[in-house]
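Here the structure comes first, spelled out in structure tokens, and everything after it is commentary.
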Amino acid sequence: MKEMDLVRDVLDKQVVDRDETKMGRVDGLLLEVRAGQPPRIDSIEMGFVVLARRLHPRLEEWLERLRRRFGVSSIRKTARYRVPWSAVKDVNPYCVQLDVAALDTPAFDWERWLRDHVVAHVPGVDS
């Protein structure tokens, strides 16, 4: 089994899908603690509230309230996107590659919303 330093090798790395489309960054890691065994990585988390939690738990709470208050939740069902570690295809010095299609994930909810509600209404833009 390959050893890695999670903070150095995974946290804050660029996340790409199987076609190397950028999806964001690894903002958090969820570990599974097992009795009598070392912890193992359960999943990675992406999303601004996850990053906010790393800075301060109250900042995460404030952003969640703000998101609910202004209806951003209609765009994205959750402020965080969790990917099981089993979907991680490769971890290299430049990025973490997932075995998923970026367009099929919540990582692109904002882009889809902007395309449908803003860009589609710009004169001269062909759909």
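We label chains A, B, ... in the order they appear in the structure tokens, count residues from 1 in each chain, and number ligands from 1 in the order shown.
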**Q.** Residue list (strand (DSSP E), DSSP) for chain A, as a PyMOL selection string
**A.** chain A and resi 14-16+22-25+28-32+40-46+81-84+88-91+95-98
Go ahead and save the picked residues with C-alpha atoms, as a tab-separated table (two decimals), in the first residue's frame.
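As written to disk, out_11.tsv reads:
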```tsv
chain	number	residue	atom	x	y	z
A	14	GLN	CA	-6.99	20.41	-7.81
A	15	VAL	CA	-9.70	17.79	-8.50
A	16	VAL	CA	-10.22	16.61	-12.07
A	22	LYS	CA	-11.33	20.73	-13.43
A	23	MET	CA	-13.96	20.30	-10.70
A	24	GLY	CA	-12.59	22.34	-7.82
A	25	ARG	CA	-10.23	21.52	-4.96
A	28	GLY	CA	-11.80	18.40	3.33
A	29	LEU	CA	-11.21	14.75	4.12
A	30	LEU	CA	-13.49	12.39	6.02
A	31	LEU	CA	-11.77	9.59	7.87
A	32	GLU	CA	-13.28	6.39	9.23
A	40	ARG	CA	-8.79	5.10	6.65
A	41	ILE	CA	-9.99	7.73	4.20
A	42	ASP	CA	-13.73	7.46	3.66
A	43	SER	CA	-14.26	10.35	1.23
A	44	ILE	CA	-13.12	13.75	0.08
A	45	GLU	CA	-15.24	16.88	0.37
A	46	MET	CA	-15.47	19.86	-1.93
A	81	TYR	CA	-19.99	17.53	-2.47
A	82	ARG	CA	-18.66	14.28	-1.04
A	83	VAL	CA	-16.85	11.79	-3.21
A	84	PRO	CA	-16.11	8.32	-1.87
A	88	VAL	CA	-10.29	8.37	-6.58
A	89	LYS	CA	-8.39	7.10	-9.60
A	90	ASP	CA	-5.03	8.77	-9.01
A	91	VAL	CA	-3.26	11.15	-6.65
A	95	CYS	CA	-4.11	16.87	-8.89
A	96	VAL	CA	-6.50	14.25	-7.57
A	97	GLN	CA	-8.19	12.45	-10.45
A	98	LEU	CA	-11.67	10.99	-9.93
```
Q. Could you write out, as a ChimeraX atom specification, all the residues of region 11-115 of chain A that DSSP marks as alpha helix (DSSP H)?
A. /A:48-55,57-69,109-115
Please produce an output containing N, CA, C and O atoms for each residue in the selection, written as an mmCIF file, in the first residue's frame.
```cif
data_model
loop_
_atom_site.group_PDB
_atom_site.id
_atom_site.type_symbol
_atom_site.label_atom_id
_atom_site.label_comp_id
_atom_site.auth_asym_id
_atom_site.auth_seq_id
_atom_site.Cartn_x
_atom_site.Cartn_y
_atom_site.Cartn_z
ATOM 1 N N PHE A 48 -17.344 25.394 -0.738
ATOM 2 C CA PHE A 48 -16.847 26.548 0.014
ATOM 3 C C PHE A 48 -17.126 26.421 1.507
ATOM 4 O O PHE A 48 -16.312 26.856 2.318
ATOM 5 N N VAL A 49 -18.242 25.837 1.908
ATOM 6 C CA VAL A 49 -18.523 25.723 3.342
ATOM 7 C C VAL A 49 -17.548 24.780 4.037
ATOM 8 O O VAL A 49 -17.268 24.934 5.214
ATOM 9 N N VAL A 50 -17.029 23.803 3.303
ATOM 10 C CA VAL A 50 -16.031 22.890 3.872
ATOM 11 C C VAL A 50 -14.748 23.665 4.146
ATOM 12 O O VAL A 50 -14.143 23.530 5.210
ATOM 13 N N LEU A 51 -14.360 24.486 3.192
ATOM 14 C CA LEU A 51 -13.181 25.337 3.393
ATOM 15 C C LEU A 51 -13.417 26.310 4.537
ATOM 16 O O LEU A 51 -12.536 26.529 5.374
ATOM 17 N N ALA A 52 -14.615 26.869 4.614
ATOM 18 C CA ALA A 52 -14.953 27.801 5.697
ATOM 19 C C ALA A 52 -14.850 27.117 7.054
ATOM 20 O O ALA A 52 -14.382 27.716 8.022
ATOM 21 N N ARG A 53 -15.270 25.843 7.148
ATOM 22 C CA ARG A 53 -15.183 25.091 8.401
ATOM 23 C C ARG A 53 -13.738 24.956 8.852
ATOM 24 O O ARG A 53 -13.443 24.995 10.042
ATOM 25 N N ARG A 54 -12.820 24.816 7.893
ATOM 26 C CA ARG A 54 -11.409 24.718 8.247
ATOM 27 C C ARG A 54 -10.909 26.015 8.860
ATOM 28 O O ARG A 54 -10.030 26.000 9.721
ATOM 29 N N LEU A 55 -11.476 27.142 8.425
ATOM 30 C CA LEU A 55 -11.062 28.433 8.980
ATOM 31 C C LEU A 55 -11.671 28.668 10.352
ATOM 32 O O LEU A 55 -10.977 29.057 11.285
ATOM 33 N N PRO A 57 -15.506 27.111 12.593
ATOM 34 C CA PRO A 57 -16.831 26.480 12.520
ATOM 35 C C PRO A 57 -17.987 27.480 12.400
ATOM 36 O O PRO A 57 -18.981 27.213 11.738
ATOM 37 N N ARG A 58 -17.860 28.629 13.043
ATOM 38 C CA ARG A 58 -18.935 29.619 12.948
ATOM 39 C C ARG A 58 -19.062 30.211 11.551
ATOM 40 O O ARG A 58 -20.142 30.580 11.119
ATOM 41 N N LEU A 59 -17.955 30.299 10.851
ATOM 42 C CA LEU A 59 -17.981 30.779 9.476
ATOM 43 C C LEU A 59 -18.779 29.814 8.597
ATOM 44 O O LEU A 59 -19.577 30.237 7.757
ATOM 45 N N GLU A 60 -18.603 28.527 8.835
ATOM 46 C CA GLU A 60 -19.387 27.522 8.111
ATOM 47 C C GLU A 60 -20.882 27.693 8.403
ATOM 48 O O GLU A 60 -21.705 27.701 7.473
ATOM 49 N N GLU A 61 -21.238 27.848 9.663
ATOM 50 C CA GLU A 61 -22.644 28.032 10.049
ATOM 51 C C GLU A 61 -23.226 29.289 9.406
ATOM 52 O O GLU A 61 -24.351 29.281 8.899
ATOM 53 N N TRP A 62 -22.468 30.369 9.415
ATOM 54 C CA TRP A 62 -22.923 31.632 8.841
ATOM 55 C C TRP A 62 -23.181 31.483 7.336
ATOM 56 O O TRP A 62 -24.199 31.928 6.822
ATOM 57 N N LEU A 63 -22.262 30.833 6.632
ATOM 58 C CA LEU A 63 -22.438 30.630 5.188
ATOM 59 C C LEU A 63 -23.627 29.733 4.876
ATOM 60 O O LEU A 63 -24.344 29.962 3.903
ATOM 61 N N GLU A 64 -23.848 28.712 5.695
ATOM 62 C CA GLU A 64 -25.016 27.831 5.505
ATOM 63 C C GLU A 64 -26.309 28.630 5.677
ATOM 64 O O GLU A 64 -27.246 28.473 4.896
ATOM 65 N N ARG A 65 -26.383 29.473 6.717
ATOM 66 C CA ARG A 65 -27.582 30.297 6.927
ATOM 67 C C ARG A 65 -27.795 31.268 5.770
ATOM 68 O O ARG A 65 -28.905 31.442 5.284
ATOM 69 N N LEU A 66 -26.725 31.882 5.322
ATOM 70 C CA LEU A 66 -26.794 32.810 4.199
ATOM 71 C C LEU A 66 -27.288 32.095 2.937
ATOM 72 O O LEU A 66 -28.146 32.607 2.222
ATOM 73 N N ARG A 67 -26.788 30.916 2.702
ATOM 74 C CA ARG A 67 -27.179 30.126 1.539
ATOM 75 C C ARG A 67 -28.661 29.783 1.573
ATOM 76 O O ARG A 67 -29.369 29.905 0.578
ATOM 77 N N ARG A 68 -29.153 29.370 2.738
ATOM 78 C CA ARG A 68 -30.583 29.046 2.878
ATOM 79 C C ARG A 68 -31.444 30.295 2.761
ATOM 80 O O ARG A 68 -32.504 30.279 2.154
ATOM 81 N N ARG A 69 -30.995 31.386 3.334
ATOM 82 C CA ARG A 69 -31.776 32.624 3.353
ATOM 83 C C ARG A 69 -32.010 33.201 1.962
ATOM 84 O O ARG A 69 -33.073 33.678 1.641
ATOM 85 N N ASP A 109 -23.231 22.516 -10.778
ATOM 86 C CA ASP A 109 -24.568 23.090 -10.609
ATOM 87 C C ASP A 109 -24.589 24.590 -10.891
ATOM 88 O O ASP A 109 -25.503 25.093 -11.537
ATOM 89 N N TRP A 110 -23.595 25.316 -10.375
ATOM 90 C CA TRP A 110 -23.552 26.768 -10.600
ATOM 91 C C TRP A 110 -23.401 27.082 -12.077
ATOM 92 O O TRP A 110 -24.048 27.991 -12.597
ATOM 93 N N GLU A 111 -22.533 26.359 -12.756
ATOM 94 C CA GLU A 111 -22.322 26.615 -14.176
ATOM 95 C C GLU A 111 -23.588 26.367 -14.979
ATOM 96 O O GLU A 111 -23.926 27.139 -15.883
ATOM 97 N N ARG A 112 -24.303 25.293 -14.646
ATOM 98 C CA ARG A 112 -25.562 24.993 -15.344
ATOM 99 C C ARG A 112 -26.592 26.087 -15.092
ATOM 100 O O ARG A 112 -27.294 26.513 -16.001
ATOM 101 N N TRP A 113 -26.686 26.536 -13.838
ATOM 102 C CA TRP A 113 -27.646 27.583 -13.499
ATOM 103 C C TRP A 113 -27.321 28.867 -14.257
ATOM 104 O O TRP A 113 -28.208 29.503 -14.828
ATOM 105 N N LEU A 114 -26.052 29.264 -14.270
ATOM 106 C CA LEU A 114 -25.649 30.467 -14.992
ATOM 107 C C LEU A 114 -25.933 30.343 -16.488
ATOM 108 O O LEU A 114 -26.402 31.289 -17.120
ATOM 109 N N ARG A 115 -25.666 29.173 -17.052
ATOM 110 C CA ARG A 115 -25.939 28.958 -18.470
ATOM 111 C C ARG A 115 -27.419 29.127 -18.779
ATOM 112 O O ARG A 115 -27.793 29.803 -19.736
#
```
Q. How many Å lie between CA of Ala120 (chain A) and CA of Arg18 (chain A), rounded to one decimal?
A.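 Interatomic distance, CA of Ala120 (chain A) to CA of Arg18 (chain A): 28.0 Å.
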